[in-house]
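A.B. asks: Got query32.txt for you, compact mmCIF, C-alpha atoms:
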```txt
# COMPACT_ATOMS: atom_id res chain seq x y z
CA MET A 1 -4.59 10.34 36.94
CA ASP A 2 -1.00 9.94 35.68
CA VAL A 3 0.13 7.37 33.11
CA SER A 4 1.39 4.84 35.67
CA GLU A 5 -1.81 5.02 37.73
CA ALA A 6 -3.98 4.83 34.61
CA SER A 7 -2.08 1.72 33.50
CA THR A 8 -2.64 0.04 36.88
CA VAL A 9 -6.38 0.88 36.92
CA PHE A 10 -6.79 -0.31 33.33
CA ALA A 11 -5.07 -3.65 34.07
CA GLU A 12 -7.14 -4.20 37.22
CA LEU A 13 -10.48 -3.48 35.50
CA LYS A 14 -9.58 -5.60 32.50
CA LYS A 15 -8.78 -8.52 34.82
CA GLN A 16 -12.13 -8.13 36.58
CA ILE A 17 -14.01 -8.15 33.30
CA LEU A 18 -12.24 -11.25 32.01
CA GLU A 19 -13.04 -13.06 35.29
CA GLN A 20 -16.74 -12.31 34.83
CA VAL A 21 -17.02 -13.13 31.12
CA ASP A 22 -18.58 -16.49 30.23
CA LEU A 23 -15.93 -17.82 27.86
CA SER A 24 -17.94 -20.98 27.14
CA ARG A 25 -20.08 -19.04 24.65
CA GLU A 26 -19.86 -16.20 22.14
CA VAL A 27 -20.41 -12.94 24.01
CA PRO A 28 -22.00 -10.23 21.82
CA ASP A 29 -20.53 -6.72 21.79
CA GLU A 30 -23.61 -5.27 23.49
CA GLU A 31 -23.26 -7.63 26.44
CA MET A 32 -19.55 -6.93 26.70
CA GLN A 33 -20.25 -3.19 26.70
CA GLU A 34 -22.77 -3.59 29.51
CA LEU A 35 -20.30 -5.59 31.59
CA ILE A 36 -17.61 -2.93 31.04
CA ASP A 37 -20.07 -0.22 32.15
CA GLU A 38 -20.87 -2.15 35.34
CA VAL A 39 -17.24 -2.73 36.26
CA VAL A 40 -16.21 0.89 35.63
CA LEU A 41 -19.19 2.27 37.57
CA SER A 42 -18.49 -0.12 40.43
CA TYR A 43 -14.87 1.00 40.57
CA GLY A 44 -16.01 4.63 40.45
CA LYS A 45 -17.92 4.13 43.70
CA LYS A 46 -14.73 3.05 45.49
CA GLN A 47 -12.28 5.42 43.83
CA TYR A 48 -13.24 8.81 42.42
CA LEU A 49 -13.17 9.00 38.65
CA SER A 50 -14.18 12.03 36.64
CA LEU A 51 -16.77 11.65 33.89
CA ASN A 52 -14.05 12.00 31.26
CA GLU A 53 -11.95 9.29 32.93
CA LYS A 54 -14.93 6.93 33.06
CA CYS A 55 -15.74 7.48 29.39
CA ARG A 56 -12.09 7.03 28.45
CA LEU A 57 -11.79 3.80 30.45
CA LYS A 58 -14.97 2.35 28.94
CA LYS A 59 -13.78 3.11 25.44
CA GLU A 60 -10.24 1.80 26.00
CA LEU A 61 -11.45 -1.38 27.70
CA PHE A 62 -13.85 -2.15 24.86
CA TYR A 63 -11.14 -1.50 22.28
CA ALA A 64 -8.73 -3.70 24.25
CA LEU A 65 -11.16 -6.60 24.63
CA ARG A 66 -12.91 -6.51 21.27
CA LYS A 67 -10.87 -4.36 18.90
CA LEU A 68 -7.19 -3.43 18.40
CA ASP A 69 -6.58 -1.57 21.65
CA VAL A 70 -5.20 1.99 21.35
CA LEU A 71 -4.77 1.55 17.59
CA GLN A 72 -8.52 1.25 17.04
CA GLU A 73 -9.04 4.98 17.44
CA LEU A 74 -6.49 5.70 14.72
CA LEU A 75 -7.93 3.03 12.44
CA GLU A 76 -11.29 4.79 12.60
CA GLU A 77 -9.81 8.11 11.42
CA GLN A 78 -9.96 8.20 7.63
CA ASP A 79 -7.24 10.84 7.22
CA VAL A 80 -4.60 8.69 8.97
CA THR A 81 -2.71 6.94 6.17
CA GLU A 82 0.09 5.21 8.11
CA ILE A 83 0.46 3.97 11.69
CA MET A 84 3.90 3.10 13.08
CA VAL A 85 4.39 1.40 16.46
CA ASN A 86 8.03 1.52 17.62
CA GLY A 87 7.76 -0.89 20.53
CA MET A 88 7.23 1.02 23.77
CA ASP A 89 9.14 4.00 22.33
CA GLY A 90 5.96 5.50 20.94
CA ILE A 91 3.32 5.46 18.22
CA PHE A 92 3.78 7.66 15.17
CA LEU A 93 1.29 8.39 12.42
CA GLU A 94 1.07 9.99 9.02
CA ARG A 95 -1.80 12.39 8.44
CA ASN A 96 -2.09 14.49 5.28
CA GLY A 97 1.43 13.50 4.30
CA ARG A 98 3.04 14.65 7.58
CA LEU A 99 4.51 12.52 10.37
CA SER A 100 3.72 13.20 14.01
CA ARG A 101 3.91 11.43 17.36
CA TRP A 102 0.65 10.31 18.95
CA GLU A 103 0.04 11.15 22.58
CA LYS A 104 -1.14 7.61 23.43
CA ASN A 105 0.82 4.38 23.72
CA PHE A 106 0.37 0.76 24.71
CA TYR A 107 0.52 -0.06 28.41
CA SER A 108 2.95 -2.95 27.92
CA LYS A 109 5.15 -4.69 25.35
CA ASP A 110 3.15 -7.89 25.90
CA ARG A 111 -0.01 -6.10 24.79
CA ILE A 112 1.68 -5.05 21.53
CA LEU A 113 2.57 -8.70 20.93
CA GLU A 114 -1.04 -9.75 21.64
CA ILE A 115 -2.37 -7.26 19.08
CA ILE A 116 0.21 -8.37 16.51
CA GLN A 117 -0.76 -12.03 16.97
CA GLN A 118 -4.44 -11.07 16.72
CA MET A 119 -3.81 -9.30 13.41
CA ILE A 120 -1.49 -11.90 11.90
CA GLY A 121 -3.54 -14.87 13.10
CA GLY A 122 -6.62 -13.48 11.36
CA CYS A 123 -4.64 -13.41 8.09
CA ASN A 124 -3.48 -17.05 8.39
CA ARG A 125 0.13 -15.92 8.77
CA THR A 126 2.68 -16.82 11.45
CA VAL A 127 5.14 -14.57 13.24
CA ASN A 128 7.46 -15.57 16.08
CA GLU A 129 11.14 -15.48 17.08
CA SER A 130 12.10 -18.03 14.44
CA GLN A 131 10.12 -16.13 11.77
CA PRO A 132 10.26 -12.54 13.05
CA ILE A 133 9.35 -10.65 9.85
CA VAL A 134 5.96 -10.93 8.15
CA ASP A 135 3.64 -9.04 5.82
CA ALA A 136 -0.12 -9.43 6.07
CA ARG A 137 -3.37 -7.78 5.05
CA LEU A 138 -6.34 -6.91 7.26
CA ASP A 139 -9.93 -7.60 6.20
CA ASN A 140 -10.40 -3.95 5.24
CA GLY A 141 -7.37 -4.06 2.89
CA ASP A 142 -4.87 -2.29 5.17
CA ARG A 143 -1.32 -3.63 4.83
CA VAL A 144 0.50 -4.79 7.95
CA HIS A 145 4.26 -5.27 8.36
CA VAL A 146 5.70 -6.76 11.56
CA VAL A 147 9.26 -7.13 12.83
CA LEU A 148 9.79 -8.83 16.20
CA PRO A 149 12.76 -9.11 18.56
CA PRO A 150 15.54 -10.18 18.41
CA VAL A 151 15.63 -8.62 14.92
CA ALA A 152 13.87 -5.49 16.21
CA VAL A 153 16.14 -4.09 18.92
CA ASN A 154 13.67 -1.64 20.50
CA GLY A 155 10.75 -4.05 20.79
CA PRO A 156 7.92 -5.22 18.50
CA ILE A 157 7.65 -3.01 15.41
CA LEU A 158 4.27 -2.74 13.71
CA THR A 159 3.60 -0.67 10.59
CA ILE A 160 0.12 -0.34 9.11
CA ARG A 161 -0.28 1.18 5.65
CA ARG A 162 -3.89 2.26 5.21
CA PHE A 163 -5.84 2.61 1.98
CA PRO A 164 -9.07 4.52 1.35
CA GLU A 165 -12.30 2.55 1.23
CA GLU A 166 -12.93 4.03 -2.20
CA PRO A 167 -9.88 3.96 -4.50
CA ILE A 168 -8.56 7.32 -5.67
CA THR A 169 -9.54 7.85 -9.29
CA MET A 170 -7.79 9.79 -12.02
CA LYS A 171 -10.49 12.45 -11.64
CA ARG A 172 -9.52 12.86 -7.99
CA LEU A 173 -5.82 13.08 -8.90
CA LEU A 174 -6.74 15.88 -11.30
CA GLU A 175 -8.54 17.70 -8.50
CA LEU A 176 -5.46 17.31 -6.28
CA ASP A 177 -3.31 18.74 -9.09
CA SER A 178 -1.16 15.60 -9.03
CA VAL A 179 -1.52 15.19 -12.79
CA SER A 180 -2.47 17.51 -15.64
CA LYS A 181 -5.52 17.09 -17.88
CA GLU A 182 -3.34 16.47 -20.93
CA GLU A 183 -1.30 13.81 -19.10
CA ALA A 184 -4.44 12.08 -17.84
CA VAL A 185 -5.96 11.93 -21.32
CA PHE A 186 -2.70 10.63 -22.78
CA LEU A 187 -2.40 7.90 -20.16
CA ARG A 188 -6.05 6.92 -20.56
CA ASP A 189 -5.56 6.42 -24.28
CA ALA A 190 -2.24 4.63 -23.73
CA VAL A 191 -3.85 2.12 -21.36
CA ARG A 192 -6.76 1.51 -23.71
CA ALA A 193 -4.40 1.07 -26.66
CA GLY A 194 -2.39 -1.57 -24.79
CA TYR A 195 0.88 0.22 -24.06
CA SER A 196 2.87 -1.53 -21.30
CA ILE A 197 3.52 0.88 -18.44
CA LEU A 198 5.95 0.85 -15.52
CA VAL A 199 5.06 3.22 -12.67
CA ALA A 200 8.22 4.20 -10.79
CA GLY A 201 9.03 6.38 -7.80
CA GLY A 202 10.35 6.47 -4.26
CA THR A 203 8.70 5.15 -1.12
CA GLY A 204 5.43 6.97 -0.43
CA SER A 205 5.29 8.61 -3.85
CA GLY A 206 1.87 7.09 -4.59
CA LYS A 207 2.76 4.27 -6.99
CA THR A 208 0.02 1.88 -5.85
CA THR A 209 -2.57 4.67 -5.86
CA PHE A 210 -1.57 5.70 -9.38
CA LEU A 211 -1.63 2.12 -10.66
CA ASN A 212 -5.16 1.85 -9.27
CA ALA A 213 -6.14 5.01 -11.11
CA LEU A 214 -4.67 3.71 -14.38
CA SER A 215 -6.58 0.44 -14.02
CA GLU A 216 -9.92 2.23 -14.37
CA PHE A 217 -9.10 2.74 -18.06
CA ILE A 218 -8.67 -0.98 -18.80
CA PRO A 219 -11.52 -2.19 -21.06
CA SER A 220 -14.04 -4.19 -19.03
CA ASP A 221 -14.18 -7.07 -21.51
CA GLU A 222 -10.56 -8.14 -20.87
CA ARG A 223 -9.25 -10.84 -18.53
CA ILE A 224 -6.87 -9.37 -15.95
CA VAL A 225 -4.53 -11.25 -13.60
CA VAL A 226 -3.31 -9.21 -10.61
CA ILE A 227 -0.21 -10.41 -8.74
CA GLU A 228 0.91 -8.94 -5.40
CA ASP A 229 3.01 -9.73 -2.35
CA THR A 230 0.15 -8.53 -0.18
CA ALA A 231 -3.16 -7.75 -1.87
CA GLU A 232 -3.60 -3.96 -1.87
CA LEU A 233 -4.94 -2.95 -5.26
CA GLN A 234 -8.63 -2.07 -5.50
CA ILE A 235 -9.29 -2.76 -9.15
CA ARG A 236 -12.95 -2.40 -10.05
CA GLY A 237 -15.12 -2.65 -13.12
CA ILE A 238 -13.36 -5.78 -14.45
CA PRO A 239 -15.69 -8.82 -14.24
CA ASN A 240 -13.02 -11.28 -15.44
CA LEU A 241 -10.48 -10.53 -12.70
CA VAL A 242 -8.06 -13.00 -11.06
CA ARG A 243 -6.17 -11.93 -7.93
CA LEU A 244 -3.07 -13.82 -6.79
CA GLU A 245 -1.07 -13.29 -3.59
CA THR A 246 2.29 -14.68 -2.51
CA ARG A 247 2.64 -17.10 0.39
CA GLU A 248 5.47 -17.43 2.86
CA ALA A 249 6.95 -20.80 3.75
CA GLY A 250 5.06 -22.50 6.56
CA THR A 251 6.08 -24.90 9.28
CA GLU A 252 4.33 -27.98 7.90
CA GLU A 253 6.00 -28.53 4.54
CA CYS A 254 4.18 -25.50 3.16
CA ARG A 255 6.54 -24.15 0.53
CA GLU A 256 6.95 -20.49 -0.34
CA ILE A 257 5.03 -19.12 -3.33
CA THR A 258 6.86 -16.12 -4.82
CA ILE A 259 6.02 -13.39 -7.32
CA ARG A 260 8.12 -15.35 -9.83
CA ASP A 261 5.95 -18.44 -9.31
CA LEU A 262 2.76 -16.43 -9.72
CA ILE A 263 3.90 -14.68 -12.91
CA ARG A 264 4.77 -18.06 -14.43
CA ALA A 265 1.39 -19.44 -13.37
CA SER A 266 -0.45 -16.41 -14.75
CA LEU A 267 0.91 -17.05 -18.24
CA ARG A 268 -1.20 -20.23 -18.32
CA MET A 269 -4.38 -18.42 -17.30
CA ARG A 270 -5.01 -16.74 -20.65
CA PRO A 271 -4.59 -13.17 -19.35
CA SER A 272 -5.22 -10.16 -21.58
CA ARG A 273 -2.97 -8.16 -19.24
CA ILE A 274 -0.92 -8.91 -16.15
CA ILE A 275 -0.69 -6.40 -13.33
CA VAL A 276 2.17 -6.87 -10.87
CA GLY A 277 1.72 -4.75 -7.76
CA GLU A 278 5.45 -4.23 -7.37
CA VAL A 279 8.56 -5.77 -8.88
CA ARG A 280 11.48 -5.59 -6.47
CA GLY A 281 13.79 -8.51 -7.19
CA GLU A 282 14.61 -11.42 -9.46
CA GLU A 283 10.98 -11.65 -10.64
CA ALA A 284 11.84 -8.75 -12.99
CA PHE A 285 13.01 -11.36 -15.51
CA GLU A 286 9.58 -13.07 -15.49
CA LEU A 287 7.90 -9.68 -15.83
CA LEU A 288 9.96 -8.82 -18.90
CA THR A 289 9.24 -12.27 -20.29
CA CYS A 290 5.48 -11.76 -20.09
CA LEU A 291 5.80 -8.24 -21.55
CA ASN A 292 7.63 -9.75 -24.52
CA THR A 293 5.21 -12.64 -25.10
CA GLY A 294 2.08 -10.85 -26.22
CA HIS A 295 0.66 -9.44 -22.98
CA ASP A 296 0.45 -5.85 -24.18
CA GLY A 297 -0.97 -3.32 -21.76
CA SER A 298 0.48 -4.94 -18.63
CA ILE A 299 1.29 -2.57 -15.76
CA SER A 300 3.65 -2.79 -12.79
CA THR A 301 5.45 -0.57 -10.29
CA CYS A 302 9.00 -0.41 -8.95
CA HIS A 303 11.11 1.73 -6.68
CA ALA A 304 13.51 4.12 -8.40
CA ASN A 305 15.03 7.58 -7.95
CA SER A 306 14.56 8.78 -11.53
CA THR A 307 13.40 7.62 -14.93
CA GLN A 308 16.95 6.73 -15.97
CA ASP A 309 17.47 4.94 -12.67
CA THR A 310 14.36 2.86 -13.37
CA VAL A 311 16.10 1.23 -16.32
CA SER A 312 19.22 0.55 -14.24
CA ARG A 313 17.08 -0.90 -11.43
CA LEU A 314 15.41 -3.32 -13.84
CA GLU A 315 18.80 -4.45 -15.13
CA THR A 316 20.03 -5.06 -11.58
CA MET A 317 16.88 -6.94 -10.55
CA VAL A 318 17.08 -9.25 -13.55
CA LEU A 319 20.72 -10.01 -12.73
CA MET A 320 19.69 -11.01 -9.19
CA GLY A 321 18.18 -14.20 -10.51
CA MET A 322 19.57 -14.74 -14.00
CA GLU A 323 23.04 -14.46 -15.50
CA LEU A 324 22.40 -12.80 -18.83
CA PRO A 325 24.45 -10.43 -20.98
CA LEU A 326 23.58 -6.84 -20.14
CA GLN A 327 22.76 -6.12 -23.77
CA ALA A 328 20.20 -8.94 -23.82
CA ILE A 329 18.51 -7.52 -20.73
CA ARG A 330 18.42 -4.03 -22.20
CA ARG A 331 16.87 -5.31 -25.41
CA GLN A 332 14.18 -7.07 -23.37
CA ILE A 333 13.46 -3.80 -21.52
CA ALA A 334 13.42 -1.80 -24.77
CA SER A 335 11.00 -4.16 -26.49
CA GLY A 336 8.78 -4.97 -23.50
CA ILE A 337 8.15 -1.63 -21.76
CA ASP A 338 6.59 1.25 -23.65
CA LEU A 339 6.21 3.97 -21.01
CA ILE A 340 7.76 4.88 -17.66
CA VAL A 341 5.58 7.04 -15.43
CA TYR A 342 7.77 8.58 -12.72
CA LEU A 343 6.16 9.90 -9.54
CA GLY A 344 7.68 11.95 -6.76
CA ARG A 345 6.95 13.40 -3.36
CA LEU A 346 7.87 17.07 -3.18
CA ARG A 347 9.16 18.93 -0.12
CA ASP A 348 5.63 20.15 0.72
CA LYS A 349 4.67 16.43 0.99
CA SER A 350 2.46 16.60 -2.12
CA ARG A 351 2.64 13.74 -4.61
CA ARG A 352 3.07 14.66 -8.27
CA LEU A 353 3.52 12.99 -11.60
CA LEU A 354 7.00 14.30 -12.44
CA GLU A 355 7.72 12.68 -15.79
CA ILE A 356 6.27 10.46 -18.50
CA THR A 357 8.92 8.94 -20.73
CA GLU A 358 8.64 6.70 -23.76
CA ILE A 359 11.11 3.87 -24.34
CA THR A 360 11.73 3.93 -28.08
CA GLY A 361 14.24 1.10 -28.45
CA MET A 362 18.03 0.98 -28.40
CA GLU A 363 20.58 3.67 -29.22
CA GLY A 364 23.89 1.87 -29.51
CA GLU A 365 24.25 -0.08 -26.28
CA GLN A 366 21.79 2.00 -24.23
CA VAL A 367 18.01 1.97 -23.84
CA ALA A 368 16.68 5.01 -25.70
CA LEU A 369 14.40 7.34 -23.71
CA ASN A 370 12.04 9.93 -25.17
CA PRO A 371 10.67 12.31 -22.46
CA LEU A 372 7.06 13.30 -23.22
CA PHE A 373 5.86 15.23 -20.15
CA LEU A 374 7.86 16.92 -17.39
CA PHE A 375 6.86 18.74 -14.19
CA ARG A 376 8.54 22.14 -13.85
CA GLU A 377 8.43 23.96 -10.54
CA THR A 378 7.44 27.63 -10.78
CA GLY A 379 7.41 28.78 -7.16
CA GLU A 380 5.82 28.34 -3.77
CA VAL A 381 2.60 29.82 -2.37
CA SER A 382 1.62 29.44 1.31
CA GLY A 383 3.96 26.50 1.69
CA ARG A 384 2.62 24.64 -1.34
CA ILE A 385 4.82 24.09 -4.38
CA CYS A 386 3.40 25.37 -7.64
CA GLY A 387 4.38 24.15 -11.06
CA ILE A 388 3.27 23.15 -14.50
CA GLN A 389 3.34 19.83 -16.30
CA GLU A 390 4.78 20.58 -19.69
CA LYS A 391 4.59 18.51 -22.83
CA ILE A 392 8.18 18.41 -24.04
CA GLY A 393 8.13 15.65 -26.65
CA GLU A 394 6.01 13.71 -29.13
CA MET A 395 5.26 10.00 -29.01
CA LYS A 396 7.30 8.08 -31.58
CA LYS A 397 5.85 4.58 -31.31
CA ILE A 398 2.22 5.24 -32.28
CA GLU A 399 1.43 1.86 -33.86
CA LYS A 400 -0.67 0.68 -30.91
CA PHE A 401 -2.70 3.92 -30.97
CA SER A 402 -3.34 3.35 -34.66
CA ARG A 403 -4.38 -0.29 -34.19
CA ALA A 404 -6.77 0.75 -31.41
CA GLY A 405 -8.26 3.50 -33.57
CA ILE A 406 -7.15 6.23 -31.17
CA PRO A 407 -5.64 9.45 -32.61
CA ALA A 408 -2.24 9.95 -30.95
CA SER A 409 -2.89 13.65 -30.20
CA LYS A 410 -6.42 13.80 -28.77
CA LYS A 411 -6.94 16.77 -26.44
CA GLY A 412 -9.68 18.28 -24.33
CA ILE A 413 -11.57 15.07 -23.74
CA CYS A 414 -13.25 14.60 -20.37
CA ILE A 415 -11.85 11.96 -18.03
```
Write out the structure in this file as structure tokens.
C.D. replies:
Amino acid sequence: MDVSEASTVFAELKKQILEQVDLSREVPDEEMQELIDEVVLSYGKKQYLSLNEKCRLKKELFYALRKLDVLQELLEEQDVTEIMVNGMDGIFLERNGRLSRWEKNFYSKDRILEIIQQMIGGCNRTVNESQPIVDARLDNGDRVHVVLPPVAVNGPILTIRRFPEEPITMKRLLELDSVSKEEAVFLRDAVRAGYSILVAGGTGSGKTTFLNALSEFIPSDERIVVIEDTAELQIRGIPNLVRLETREAGTEECREITIRDLIRASLRMRPSRIIVGEVRGEEAFELLTCLNTGHDGSISTCHANSTQDTVSRLETMVLMGMELPLQAIRRQIASGIDLIVYLGRLRDKSRRLLEITEITGMEGEQVALNPLFLFRETGEVSGRICGIQEKIGEMKKIEKFSRAGIPASKKGICI
């Protein structure tokens, strides 16, 4: 059965099932499955279908009527980390860090729109021609991004970023060789001592995952406020945890709630630390404000191409929403942020901690950087990049370690 014929058969059987379903009541999955079996078997008596075709039709019909159609199969595969639907041009996926095209696709553009509305509606968000771009979060924590025509030229675009059911811990990152033992111990002690950390890196470098791993070192007796555009972080072990999420403007006088609004609100919640999932715009000023008003140990992420670029990015983002002298901004950065953790994605698709740098203050008119750890590539074996994470500097600002009773040079301690 070719694609065109399969599409016609699928549409015909789906129509038959919907005509027989009693929509006046809630139909359980078991009953729906039985009805699908009957319709497929009945069709098989009129038109020959192989056993494989019957099984495939039953599965696809159930997914279409009760799940997320052809995407459901991918959503049930734990090693698929990203799903990208490019209209009717195809479905692409990321598995083990590599992109590939999936052999299946939706039968129609209208069906893609139905699935998008099903996803977005369940998240109390709205997407249509007048509001064609939206971010949302599924019940299982997966992040959804939608762009509709006319903005999307080649049809409805759906991107699903998936997260593991169990967050990746620092121990797991050690096993993956993404971080060294010495770096992990240093970062654990830095988090416990209350050093403010900015996790930087490019798209897909693992910033959210790493922030999650760092959060496991936060003392459980603290009050933490987590602020995100779309809730993704899986912070555990903190009983006194507040999670805040932005809101887009609605159609009924429902005003937009931004990251800036939430950071301001969080300052009145008596937080021990504030965690901002990602700073990407003018809210950088509010972040620096909270870092300079006694909220030591706060953590955030941002996109950047290098450690030095991270400082420049922060300057630019502050200037997006506030006209301040550049020197004033740099002094806020120098006094508010203690450490920059820079992550990267290497050519073998592995994610590594590439650099840990301390911000020590100002040197003239520039923010002074003190590199502490650096990844150095040593070669390549069977397509995988090998390297070592070297300690290349000593921490200068050790006051917080001292106040927390943590020796600044502890080594060999289990994570």
A.B. asks: Just how far from CA of Tyr63 in chain A is CA of Leu41 in chain A, in Å to one decimal?
C.D. replies: 17.7 Å
A.B. asks: Tell me which of A:Ser220, A:Gln16, A:Thr203, A:Asn96 sits closest to Asp79 in chain A, counting only C-alpha atoms.
C.D. replies: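 Of A:Ser220, A:Gln16, A:Thr203, A:Asn96, the one nearest Asp79 in chain A is A:Asn96, counting only C-alpha atoms.
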A.B. asks: Which polymer residues have any atom within 8 Å of an atom of range 142-144 of chain A, counting all atoms listed in the file, with same-chain residues fewer than 6 positions away left out, as a list in words?
C.D. replies: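 Final neighbour list, sorted by chain and number: Asp135, Ala136, Leu158, Thr159, Ile160, Arg161, Arg162, Phe163, Thr230 and Glu232 of chain A.
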A.B. asks: Residues within 6 Å of Ile224 in chain A, please, as a list in words. Count all atoms listed in the file; anything in the same chain fewer than 2 positions from it doesn't count.
C.D. replies: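 Answer for this query is Leu241, Pro271, Ser272, Arg273 and Ile274 of chain A.
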A.B. asks: How many Å lie between CA of Arg255 in chain A and CA of Leu319 in chain A, rounded to one decimal?
C.D. replies: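 Pair CA of Arg255 in chain A / CA of Leu319 in chain A returns 24.0 Å.
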A.B. asks: Taking 5 positions as the minimum chain separation for residues in the same chain, which residues sit within 12 Å of Glu380 in chain A when counting all atoms listed in the file? Answer as a ChimeraX atom specification.
C.D. replies: /A:346-348,385-387
A.B. asks: Ranking A:Arg331, A:Lys349, A:Lys181, A:Lys396 by minimum distance to Gln366 in chain A and counting only C-alpha atoms, which one comes first?
C.D. replies: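 Looking at the shortest contact to Gln366 in chain A, the residue is A:Arg331.
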A.B. asks: From (-1.3, -16.6, 12.0), in the file's coordinates, out to 12 Å: which residues are reached, counting only C-alpha atoms? Answer as a PyMOL selection string.
C.D. replies: chain A and resi 114-128+131+134-138+248+250-251
A.B. asks: Output C-alpha atoms for every residue in that selection, as an mmCIF file, in the frame of the given file.
C.D. replies:
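For reference, again.cif as written:
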```
data_model
loop_
_atom_site.group_PDB
_atom_site.id
_atom_site.type_symbol
_atom_site.label_atom_id
_atom_site.label_comp_id
_atom_site.auth_asym_id
_atom_site.auth_seq_id
_atom_site.Cartn_x
_atom_site.Cartn_y
_atom_site.Cartn_z
ATOM 1 C CA GLU A 114 -1.040 -9.750 21.640
ATOM 2 C CA ILE A 115 -2.370 -7.260 19.080
ATOM 3 C CA ILE A 116 0.210 -8.370 16.510
ATOM 4 C CA GLN A 117 -0.760 -12.030 16.970
ATOM 5 C CA GLN A 118 -4.440 -11.070 16.720
ATOM 6 C CA MET A 119 -3.810 -9.300 13.410
ATOM 7 C CA ILE A 120 -1.490 -11.900 11.900
ATOM 8 C CA GLY A 121 -3.540 -14.870 13.100
ATOM 9 C CA GLY A 122 -6.620 -13.480 11.360
ATOM 10 C CA CYS A 123 -4.640 -13.410 8.090
ATOM 11 C CA ASN A 124 -3.480 -17.050 8.390
ATOM 12 C CA ARG A 125 0.130 -15.920 8.770
ATOM 13 C CA THR A 126 2.680 -16.820 11.450
ATOM 14 C CA VAL A 127 5.140 -14.570 13.240
ATOM 15 C CA ASN A 128 7.460 -15.570 16.080
ATOM 16 C CA GLN A 131 10.120 -16.130 11.770
ATOM 17 C CA VAL A 134 5.960 -10.930 8.150
ATOM 18 C CA ASP A 135 3.640 -9.040 5.820
ATOM 19 C CA ALA A 136 -0.120 -9.430 6.070
ATOM 20 C CA ARG A 137 -3.370 -7.780 5.050
ATOM 21 C CA LEU A 138 -6.340 -6.910 7.260
ATOM 22 C CA GLU A 248 5.470 -17.430 2.860
ATOM 23 C CA GLY A 250 5.060 -22.500 6.560
ATOM 24 C CA THR A 251 6.080 -24.900 9.280
#
```
A.B. asks: Have a look at A:Gly361, A:Gly202, A:Gly277, A:Pro164 and name the one nearest to Leu343 in chain A; count all atoms listed in the file.
C.D. replies: A:Gly202
A.B. asks: Would you list the contacts of range 259-266 of chain A as number ranges by chain, taking every protein, DNA or RNA residue within 10 Å and counting all atoms listed in the file, but skipping same-chain residues closer than 3 positions in sequence?
C.D. replies: A: 224-229, 242-247, 256, 269-271, 273-287, 289-290
A.B. asks: To one decimal in Å, tell me the separation between CA of Asp110 in chain A and CA of Gln72 in chain A.
C.D. replies: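 For CA of Asp110 in chain A relative to CA of Gln72 in chain A, the distance reads 17.3 Å.
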A.B. asks: Excluding same-chain residues fewer than 4 positions from Arg95 in chain A, what lies within 8 Å of it counting only C-alpha atoms, as a CSV table (one decimal) with C-alpha atoms, in the frame of the given file?
C.D. replies:
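Saved result, part.csv, follows:
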```csv
chain,number,residue,atom,x,y,z
A,79,ASP,CA,-7.2,10.8,7.2
A,80,VAL,CA,-4.6,8.7,9.0
A,81,THR,CA,-2.7,6.9,6.2
A,82,GLU,CA,0.1,5.2,8.1
A,99,LEU,CA,4.5,12.5,10.4
A,100,SER,CA,3.7,13.2,14.0
```
A.B. asks: Put a box with edges along x, y and z around all the listed atoms of range 80-91 of chain A, pad it by 4 Å on each side, then give me its centre and sizes in Å, one decimal, as AutoDock Vina command-line options.
C.D. replies:
```
--center_x 2.3 --center_y 3.9 --center_z 15.0 --size_x 21.7 --size_y 17.6 --size_z 25.6
```
A.B. asks: Rank A:Ile36, A:Leu211, A:Ile337, A:Leu353 by their smallest atom-to-atom distance to Gly294 in chain A, using all atoms listed in the file, and report the top residue only.
C.D. replies: A:Ile337
A.B. asks: Which residue, A:Ile218, A:Ala213, A:Val153, A:Ile235, has the smallest gap to Arg192 in chain A when you use all atoms listed in the file?
C.D. replies: A:Ile218
A.B. asks: Since the input lacks some atoms of range 70-77 of chain A, please model N, CA and C atoms and print them as a short mmCIF file (atom, residue, chain, number, x, y, z; two decimals), keeping the file's coordinate frame.
C.D. replies:
```cif
data_model
loop_
_atom_site.label_atom_id
_atom_site.label_comp_id
_atom_site.auth_asym_id
_atom_site.auth_seq_id
_atom_site.Cartn_x
_atom_site.Cartn_y
_atom_site.Cartn_z
N VAL A 70 -5.33 0.54 21.60
CA VAL A 70 -5.20 1.99 21.35
C VAL A 70 -5.15 2.30 19.86
N LEU A 71 -4.84 1.30 19.03
CA LEU A 71 -4.77 1.55 17.59
C LEU A 71 -6.14 1.72 16.96
N GLN A 72 -7.19 1.22 17.63
CA GLN A 72 -8.52 1.25 17.04
C GLN A 72 -8.97 2.67 16.74
N GLU A 73 -8.65 3.58 17.63
CA GLU A 73 -9.04 4.98 17.44
C GLU A 73 -8.43 5.54 16.17
N LEU A 74 -7.16 5.22 15.93
CA LEU A 74 -6.49 5.70 14.72
C LEU A 74 -7.05 5.03 13.47
N LEU A 75 -7.39 3.76 13.59
CA LEU A 75 -7.93 3.03 12.44
C LEU A 75 -9.30 3.54 12.02
N GLU A 76 -9.97 4.24 12.91
CA GLU A 76 -11.29 4.79 12.60
C GLU A 76 -11.20 6.21 12.04
N GLU A 77 -9.99 6.78 11.99
CA GLU A 77 -9.81 8.11 11.42
C GLU A 77 -9.37 7.96 9.97
#
```
